[in-house]
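Chemist: Below is a structure I'd like to ask you about.
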There are 2 protein chains.
Amino acid sequence: MRLLTLDLLNPQLQTVQYVVRGELAIKAETYRDQLKSGGHNLPFDKVISSNIGNPQQKGLDQPPITFTRQVAALTEWPALADLAPGVFPADVVARAKGLQDEIGSIGAYSHSQGVPFIRKSVARFIEDRDGHPASPDDIFLTAGADAGVSLLINMLITDPTSGILIPIPQYPLYTATLAQHHGRGIPYLLDESSGWSTDPASISAALAKIKEDGTTPKALVVINPGEPHGRAADGRDDGGAREASNLHERERHPFTSFKKIVRDLNSPVPLVSFHSISKGVSGECGRRGGYFELTNVSEEVRALIYKLVSVGLCPPLAGQIGVDSMVRPPKEGEPSYALWKSETDAIHTALASRTKIMAQRLNALPGVSCVESPGALYLFPKIELSAKAVEVAQEKGKEPDAFYALRMLDETGICVMPGSGFGQREGEWHYRLTCLCPGVEEYVGKLERFHMGFVQKYGSA
Amino acid sequence: MRLLTLDLLNPQLQTVQYVVRGELAIKAETYRDQLKSGGHNLPFDKVISSNIGNPQQKGLDQPPITFTRQVAALTEWPALADLAPGVFPADVVARAKGLQDEIGSIGAYSHSQGVPFIRKSVARFIEDRDGHPASPDDIFLTAGADAGVSLLINMLITDPTSGILIPIPQYPLYTATLAQHHGRGIPYLLDESSGWSTDPASISAALAKIKEDGTTPKALVVINPGEPHGRAADGRDDGGAREASNLHERERHPFTSFKKIVRDLNSPVPLVSFHSISKGVSGECGRRGGYFELTNVSEEVRALIYKLVSVGLCPPLAGQIGVDSMVRPPKEGEPSYALWKSETDAIHTALASRTKIMAQRLNALPGVSCVESPGALYLFPKIELSAKAVEVAQEKGKEPDAFYALRMLDETGICVMPGSGFGQREGEWHYRLTCLCPGVEEYVGKLERFHMGFVQKYGSA
């Protein structure tokens with residue numbers, strides 16, 4: 001008998017790569033601890049975690065929506081409505097009461113698919129958005145979008161030759177989960193020159209390529225928005241799609257869902273659409289709430305999904321209630337409306353303007369180009385690196401953009417993620433950063449000074 | 001292009017069996033809907049869900065612990081401490097403030113392994129319990145125990161010949177998760193005649209049996225308590241163990257953890273111990289909180305687990321905070337102590353006395369024998385069924401005990417789970433019921449009348 005060691009475990013799991021919480025994130029934590037304990041000689045006084053879309057993280061500035069938290073507090077301790085009269089607006093009290101009548105204690109397991117009442121709210125939200133019917137039976141509440149994505153990937157991988165088309169750059173959840181379930185990623189490149197749009201030719205090229213190695217394509221992942229959109233109308237997806245909702249320039253770029261397109265075209269394409277409360281104005285990552293909706297999926301598959309989610313018992317109730325608050329915000333005329341409106345407007349405005357300023361300033365730097373990304377919390381600037389920088393990186397055993405990001409963290413305390421963790425064209429380098437920093441001037445100033453110093457040290461490309 | 005149908009999906013998943021939320025549970029929901037909508041002619045006026053250990057479920061009677069909910073409400077909306085002065089006890093306000101200083105907003109992702117501060121609380125709780133050191137680095141907070149169990153099974157199954165020793169009867173999470181990850185269950189029978197104890201000979205017999213079919217045993221699951229205990233001292237486990245904590249006769253049956261045994265013996269046996277806030281006096285199932293602790297596990301395996309949990313980002317914050325409240329209850333002398341003490345004592349007392357009454361009354365029925373189970377929320381009575389009952393069940397394509405449970409549901413509205421879903425000796429039949437019903441007299445009366453009617457109709461065995 002001896003220690004449990006790696007050689008005794010599923011070797012497939014050791015192939016999982018997940019840059020978002022990898023070397024850089026761990027180093028950033030170490031710096032944060034050093035700053036906290038004092039007695040350091042770091043050239044910065046705070047660590048800014050621009051590696052994860054975590055809007056309410058300490059040191060970032062996105063406040064929670066008061067309505068969401070008031071409803072949550074009342075469902076946690078319903079006696080509060082009477083113990084603290086007048087503290088909660090009447091519509092919040094009514095909302096919490098309505099949820100409690102349906103749910104009972106939030107300390108109880110709910111229906112494995114999620115509280116039926118909340119699934120009805122989600123169905124109405126989707127109907128209002130798309131103008132097509134939605135059924136609560138087709139909706140599964142989840143612990144964030146990633147729980148649903150992982151389940152669907154597990155279902156779709158029938159054997160080790162199964163593959164799923166993944167946009168590159170991608171959020172590494174997809175490849176990490178595919179590795180976990182013995183499946184293959186089939187990368188298709190998004191087109192940076194046209195604002196990260198989806199080029200159907202790139203999907204065809206990816207499909208042509210796998211003919212050689214016997215990979216069977218099982219689904220296509222589309223992240224919408226995330227890339228500036230418009231591609232949806234092609235309806236060229238053949239399985240699963242992820243639809244996030246970080247959109248903060250709503251008027252200029254109205255959101256069109258894949259569900260709407262599929263129904264508009266009366267298409268038989270099977271579609272699974274994911275949404276969560278983690279990003280955008282909601283920003284409730286820690287609550288772990290989300291849902292997916294099935295379209296053109298057979299009754300038997302739905303029953304199988306129900307059985308599989310029931311093994312995990314139910315999604316967290318606090319997340320389910322968070323979903324309800326997101327899809328049923330206060331209406332005009334209700335007591336909570338004015339505050340909700342001003343809070344959400346402020347977040348939309350801050351994100352939209354900050355994304356714009358950051359993109360403009362980054363674009364003004366030598367060797368940096370950055371697609372403006374009004375549909376996401378993230379920017380993904382391209383950086384040109386000199387032969388010398390590439391050589392030094394290789395000596396250190398790093399990808400060139402990982403080397404750049406590590407130097408940035410060491411010098412500025414800003415933690416970004418290298419493009420190599422998301423995928424990119426051969427010979428290109430990028431990094432991904434969130435637009436969640438407070439004090440955009442100071443923040444971009446640091447990025448600028450670091451970049452100029454880097455270019456000075458290693459030369460231009 | 002056509003609907004997504006079962007033939008396109010991972011066939012392995014269709015082998016997953018999960019009785020706890022299967023046919024009976026679905027039928028119970030249908031009855032509940034009928035009762036709600038009126039206009040039925042059912043012979044009962046309420047459905048009692050004795051199929052799931054869900055203490056705070058509607059219609060059952062276990063209230064949440066006020067302290068837990070007060071802390072939760074304040075972390076949801078911290079402004080409440082000032083807006084509702086005097087409503088929260090001072091120790092609750094201090095507790096919530098302390099958590100918030102560490103966590104920031106509970107709408108933010110935490111460390112993937114769980115908030116470090118809460119992991120420290122868990123480590124202290126384990127140290128106090130066992131008298132051996134525990135490290136926060138070895139503790140992973142999870143969304144309930146099942147999330148951790150699923151992860152560990154995924155890790156341990158290296159190929160389709162990998163197997164895990166599972167006690168029979170078992171909670172079907174283990175076999176369901178094994179099916180999902182292409183592994184094999186290796187059943188070992190618990191000994192009903194000695195109070196469901198673990199007989200080492202039964203484990204040896206299970207291991208001898210798999211020599212024939214080439215199964216490689218990777219771990220042993222032990223549920224402790226769940227069976228009345230004492231077997232732990234053998235130290236005969238070789239991998240993973242689950243340790244729940246439903247114990248409500250603490251004085252008569254003090255809890256001894258496997259961790260303590262392993263350390264007492266200075267044993268190198270790798271051990272993973274699971275715990276959750278879902279059962280026992282906590283009863284916070286819907287919050288989805290739990291943890292596992294690694295003992296005798298290598299640094300590299302711990303790093304791999306960290307990487308895998310980071311793909312799921314983090315456990316729900318409300319669950320993590322629930323864990324903190326469970327492992328750090330109010331202390332004597334603190335303002336919340338008296339209420340916490342009276343609430344938890346009342347739950348312990350109610351569960352202990354109810355389990356006892358139910359076992360005694362069931363044992364008095366002809367053809368029924370029931371091990372008294374002071375260490376669990378559940379009873380697992382054995383029922384003898386006549387040849388006629390077995391025949392009728394087979395005609396209907398049901399297991400005999402599933403037929404019995406269906407008739408019980410149809411006649412009384414009580415939903416229990418047939419022993420065939422948990423595993424039992426060939427030719428024996430059982431059912432599992434929780435001891436969470438309010439009004440034990442009325443409840444047991446229904447069970448008695450149903451059983452006598454069944455015997456009258458189908459004869460004794």
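Letters A, B, ... mark the chains of the structure tokens in the order given; residue numbers begin at 1 per chain; ligand numbers begin at 1, in order shown.
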Considering only C-alpha atoms, return as a PyMOL selection string whatever protein or nucleic-acid residues lie within 9 Å of A:Ile414, sequence-local ones (same chain, fewer than 5 positions apart) excluded.
Modeler: chain A and resi 28+46-51+405+408-409+443+446-447
Chemist: Give one line per residue of chain A that approaches chain B to at most 6 Å, naming the two atoms of the closest pair and their distance in Å to one decimal, counting only C-alpha atoms; sort by chain then ascending residue number and deliver it as CSV.
Modeler:
```
residue,atom,partner,partner_atom,distance
A:Arg2,CA,B:Pro268,CA,5.5
A:Leu3,CA,B:Asn296,CA,5.0
A:Leu4,CA,B:Val297,CA,4.6
A:Thr5,CA,B:Ser298,CA,5.3
A:Leu6,CA,B:Val301,CA,5.5
A:Leu9,CA,B:Leu156,CA,5.1
A:Asn10,CA,B:Thr158,CA,4.0
A:Asn54,CA,B:Ala108,CA,5.8
A:Gln56,CA,B:Ala108,CA,4.9
A:Gln57,CA,B:Ala108,CA,5.0
A:Lys58,CA,B:Gly104,CA,5.6
A:Arg69,CA,B:Trp77,CA,5.6
A:Ala73,CA,B:Ala73,CA,4.3
A:Glu76,CA,B:Ala73,CA,5.4
A:Trp77,CA,B:Arg69,CA,5.6
A:Ala84,CA,B:Ala84,CA,5.6
A:Gly104,CA,B:Lys58,CA,5.6
A:Ile106,CA,B:Gly286,CA,5.7
A:Gly107,CA,B:Glu284,CA,4.2
A:Ala108,CA,B:Gly286,CA,4.6
A:Tyr109,CA,B:Gly286,CA,4.5
A:Met155,CA,B:Asn10,CA,5.2
A:Leu156,CA,B:Leu9,CA,5.1
A:Ile157,CA,B:Asn10,CA,5.8
A:Thr158,CA,B:Asn10,CA,4.0
A:Pro268,CA,B:Arg2,CA,5.5
A:Pro270,CA,B:Leu4,CA,5.6
A:Glu284,CA,B:Gly107,CA,4.2
A:Cys285,CA,B:Ala108,CA,5.2
A:Gly286,CA,B:Gly107,CA,4.5
A:Arg287,CA,B:Pro316,CA,5.4
A:Arg288,CA,B:Pro316,CA,5.5
A:Asn296,CA,B:Leu3,CA,5.0
A:Val297,CA,B:Leu4,CA,4.6
A:Ser298,CA,B:Thr5,CA,5.3
A:Val301,CA,B:Leu6,CA,5.6
A:Pro316,CA,B:Arg287,CA,5.4
A:Leu317,CA,B:Gly286,CA,5.3
```
